[in-house]
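Read the structure below first, then the notes.
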Amino acid sequence: MKNLKSGPVLLAAGLMCCLSACKPGKQPQTESMETTVDSAETTELEALNKGEFVPQWAKQVVWYQIFPERFRNGDPSNDPTAADIVGADPQEAPKEWHIHPWGSDWFQLQDYEKANGEKELWKHLLRRRYGGDIQGIIDQLDYLQELGITALYLNPVFDAPSLHKYDGASYHHIDPNFGPDPAGDRQLMQTEDPSKPNTWVWTKADLLALQLIEEAHKRGMKIIFDGVFNHMGINSFAFKDLKKNQQNSKYKDWFTVKSYEDPAAGTHFAYEGWWGVPSLPELREDSNGIVAGPRDYIFAATERWMNPQGKGTANGIDGWRLDVAFCVGHPFWKQWRQQVRSINPQAYLTAEIVDVPEKVIPYMQGDEFDGEMNYNFAFTCTEFFVEPDAFKIPATEFDKKLKQLRKLYPKGVAYVCQNLLGSHDANRISSYIKNRGIGSYRDWGSYFSLSKAAENPNYSPRKPSDEDYELQKLLVIMQMTYVGAPMIYYGDEVGMWGGNDPDCRKPMWWPDIAYSPEKYLPNQSTHQPDAVEINKKLFKHYQKMIAIRKAHPALQTGDYKTIVADDDLRLFGFERTNDSETIRVVFNNASTPQTYSIKGPAEQMTDLISGNIYAAEAGTIAIEIPAKWAVVLL
């Protein structure tokens with residue numbers, strides 16, 4: 001991340017590892033870093049009466065994160081062309097280019113890539129397009145429903161030339177290549193004045209996105225979009241006008257211009273880019289937050305997607321995930337939340353803030369965000385369940401860190417934080433497990449590079465072992481039973497592996513696509529082939545654990561109480577309780593089977609995972625727990 005030669009816009013893809021990415025005066029990062037959806041429609045007043053400001057439905061969902069370009073190609077007719085990627089990094093035009101084969105070996109350079117003659121692997125990986133689109137997501141909603149998903153988070157879908165779309169050309173249009181008529185959409189977009197919302201048109205891609213929202217809602221799924229409001233791309237309408245017209249541009253106040261093009265004065269056009277990346281010009285801020293021009297534009301785009309065509313919030317997205325939220329001043333977020341909640345009082349706002357927990361507190365006071373992408377959950381869980389002794393924490397320390405996270409925020413926040421294990425900005429959880437011990441996940445700045453296969457020859461990009469996948473299952477049990485809303489990164493449920501960005505963004509595995517075995521390494525040397533195939537046992541485990549969570553409201557909104565934290569036995573367990581049930585979850589983190597005894601009035605208990613029934617003897621129920629496994633007892 002700190003080495004721009006490894007790919008400057010591996011930076012640009014919504015990354016948080018830039019320890020100095022914030023504008024002057026902003027909070028910098030540091031290197032270390034609790035029924036169905038429909039039943040959750042509690043009013044804002046009821047939530048406030050509970051002393052909470054979070055939308056109640058956000059406690060009860062199971063999230064699924066989709067990286068649109070890599071999820072599913074539902075309409076090959078809209079696949080990008082070489083002209084469509086102009087403006088994305090790398091800026092050099094390729095000699096040859098075409099859509100990349102979906103099932104190809106990830107590190108193997110195709111003939112068209114070799115023809116470009118570039119030695120830098122990152123350039124090839126950034127140029128690749130696989131053709132994922134909105135239709136592909138619609139086509140797989142039944143798959144997601146079968147898995148048990150009840151909420152979708154989509155990485156950016158707005159018009160942008162890159163594969164990741166964090167370099168927005170606009171916020172009010174879906175990328176034309178995600179829709180059915182790219183050429184027609186682009187022609188239609190030319191008829192509007194982007195600075196005047198009353199001239200905005202609805203393209204076919206825009207309308208397809210509304211169809212996606214409708215189809216998701218029909219299935220009881222919520223859906224949120226990624227808001228990238230810190231910066232735009234060099235293809236943005238505002239920046240292109242600024243570059244063309246210089247100080248005469250009506251958008252000159254949108255960006256921080258250091259100097260204009262002036263041959264007489266010997267100056268060149270220069271501006272502030274996010275973390276110094278030229279392809280990501282930052283929106284200007286003052287003491288009140290993002291300045292008026294871009295602020296008003298963002299507000300108008302927000303209204304467009306939350307209340308599309310003025311037809312009501314039922315037709316719009318249910319909230320937003322905010323990219324690099326720590327790089328935008330608090331005043332803007334406070335204003336923006338008021339606008340969002342005025343449109344939909346039940347909208348959910350989640351932020352990308354990777355930092356030590358204490359520094360996240362100001363964002364979670366009820367006037368900015370409801371929750372966050374909970375990387376601290378992932379850090380803490382891997383330290384207990386996964387790490388070798390050099391990084392491992394004992395059960396009591398695990399309990400202490402979890403308590404700190406639960407108690408850190410106002411009431412309700414912990415229950416709506418997105419409890420993830422990986423994301424588009426981290427190595428996949430299966431690969432993290434395979435590479436356990438190379439560094440600490442929590443040391444975000446250093447681990448970011450350590451977990452990149454192209455930058456660290458000691459990082460293994462190979463297929464995880466059966467033992468690795470068993471550890472992933474253990475983490476999933478924790479994820480689906482603990483306080484907070486679980487979030488699955490696309491493909492983790494079928495066993496996808498990969499190092500940090502860009503390797504965590506491989507095309508999704510589908511049963512109707514043939515995948516070449518992976519045998520290439522980043523340096524183009526080879527190893528014994530690793531079969532690329534859906535891990536059906538892992539999928540069934542995710543499916544079962546999601547079903548258990550959804551069937552038991554105590555696991556969604558119930559109170560929490562630690563019942564065991566034994567350092568010597570490596571046992572950890574907790575209760576989740578509501579008015580109708582108490583569920584006990586006990587983890588055996590040791591390498592040998594153990595017995596855990598529960599005293600109480602119950603005559604028997606059932607493990608919801610295995611179906612085993614345990615009967616009481618003399619008032620005590622003895623629970624046999626296999627090594628590195630858990631029980632969920634009712």
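Scheme for the structure tokens: letters A, B, ... for chains in order shown; per-chain residue numbers from 1; ligand numbers from 1 in order shown.
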
Among segment 165-328 of chain A, which residues carry a DSSP assignment of helix (DSSP H, G or I), reported as JSON, numbers by chain? {"A": [176, 177, 178, 182, 183, 184, 185, 186, 187, 188, 189, 197, 198, 199, 204, 205, 206, 207, 208, 209, 210, 211, 212, 213, 214, 215, 216, 217, 218, 237, 238, 239, 240, 241, 242, 243, 244, 245, 246, 247, 248, 274, 275, 276, 292, 293, 294, 295, 296, 297, 298, 299, 300, 301, 302, 303, 304, 305, 306, 308, 309, 310, 313, 314, 315, 325, 326, 327]}

Residues at most 10 Å from Gly422 of chain A, counting only C-alpha atoms, excluding those fewer than 2 positions away in the same chain, as a ChimeraX atom specification? /A:65,373-375,378-379,419-420,424-430,432,487-490,492,500,504

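Counting only C-alpha atoms and comparing A:Lys463, A:Lys536, A:Arg127, A:Arg321, the residue that lies closest to Glu493 of chain A is A:Lys536.
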
One decimal place gives the atom CA of Leu538 of chain A-atom CA of Gly611 of chain A separation as 17.8 Å

Proximity to Ala531 of chain A - best of A:Ile353, A:Pro464, A:Ile234, A:Glu470, only C-alpha atoms: A:Pro464

Rounded to one decimal place, report the atom CA of Ala514 of chain A-atom CA of Ala209 of chain A distance in Å.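 So the answer is 28.4 Å.
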
Just to confirm, what's the straight-line distance from atom CA of Ser597 of chain A to atom CA of Ile609 of chain A in Å (one decimal)? 18.0 Å

Might you pull out every residue within 8 Å of segment 618-625 of chain A, with only C-alpha atoms counted and same-chain residues fewer than 5 positions away left off, and present them as a PDB file with C-alpha atoms, in the first residue's frame?
```pdb
ATOM      1  CA  PHE A 587     -16.196 -23.023  22.110  1.00  0.00           C
ATOM      2  CA  ASN A 588     -13.458 -25.551  22.649  1.00  0.00           C
ATOM      3  CA  PRO A 593     -11.868 -32.881  22.817  1.00  0.00           C
ATOM      4  CA  GLN A 594     -13.210 -31.596  26.120  1.00  0.00           C
ATOM      5  CA  THR A 595     -16.238 -31.884  28.346  1.00  0.00           C
ATOM      6  CA  TYR A 596     -18.087 -28.806  29.537  1.00  0.00           C
ATOM      7  CA  SER A 597     -20.621 -29.237  32.333  1.00  0.00           C
ATOM      8  CA  ILE A 598     -23.714 -27.111  32.855  1.00  0.00           C
ATOM      9  CA  LYS A 599     -25.623 -27.130  36.122  1.00  0.00           C
ATOM     10  CA  GLY A 600     -29.223 -26.058  36.134  1.00  0.00           C
ATOM     11  CA  PRO A 601     -32.905 -26.979  36.029  1.00  0.00           C
ATOM     12  CA  ALA A 602     -32.964 -28.168  32.406  1.00  0.00           C
ATOM     13  CA  GLU A 603     -33.461 -31.926  31.964  1.00  0.00           C
ATOM     14  CA  GLN A 604     -31.789 -31.896  28.576  1.00  0.00           C
ATOM     15  CA  MET A 605     -30.184 -29.622  26.035  1.00  0.00           C
ATOM     16  CA  ALA A 630     -18.338 -25.420  19.350  1.00  0.00           C
ATOM     17  CA  VAL A 631     -21.851 -26.244  20.472  1.00  0.00           C
TER      18      VAL A 631
END
```

Skip segment 337-351 of chain A itself and residues of its chain fewer than 3 positions away, then list as a PyMOL selection string all residues within 9 Å of it, counting only C-alpha atoms. chain A and resi 41-44+54-58+224+299+302-303+306-307+313+317-326+332-334+363+367-373+416-418
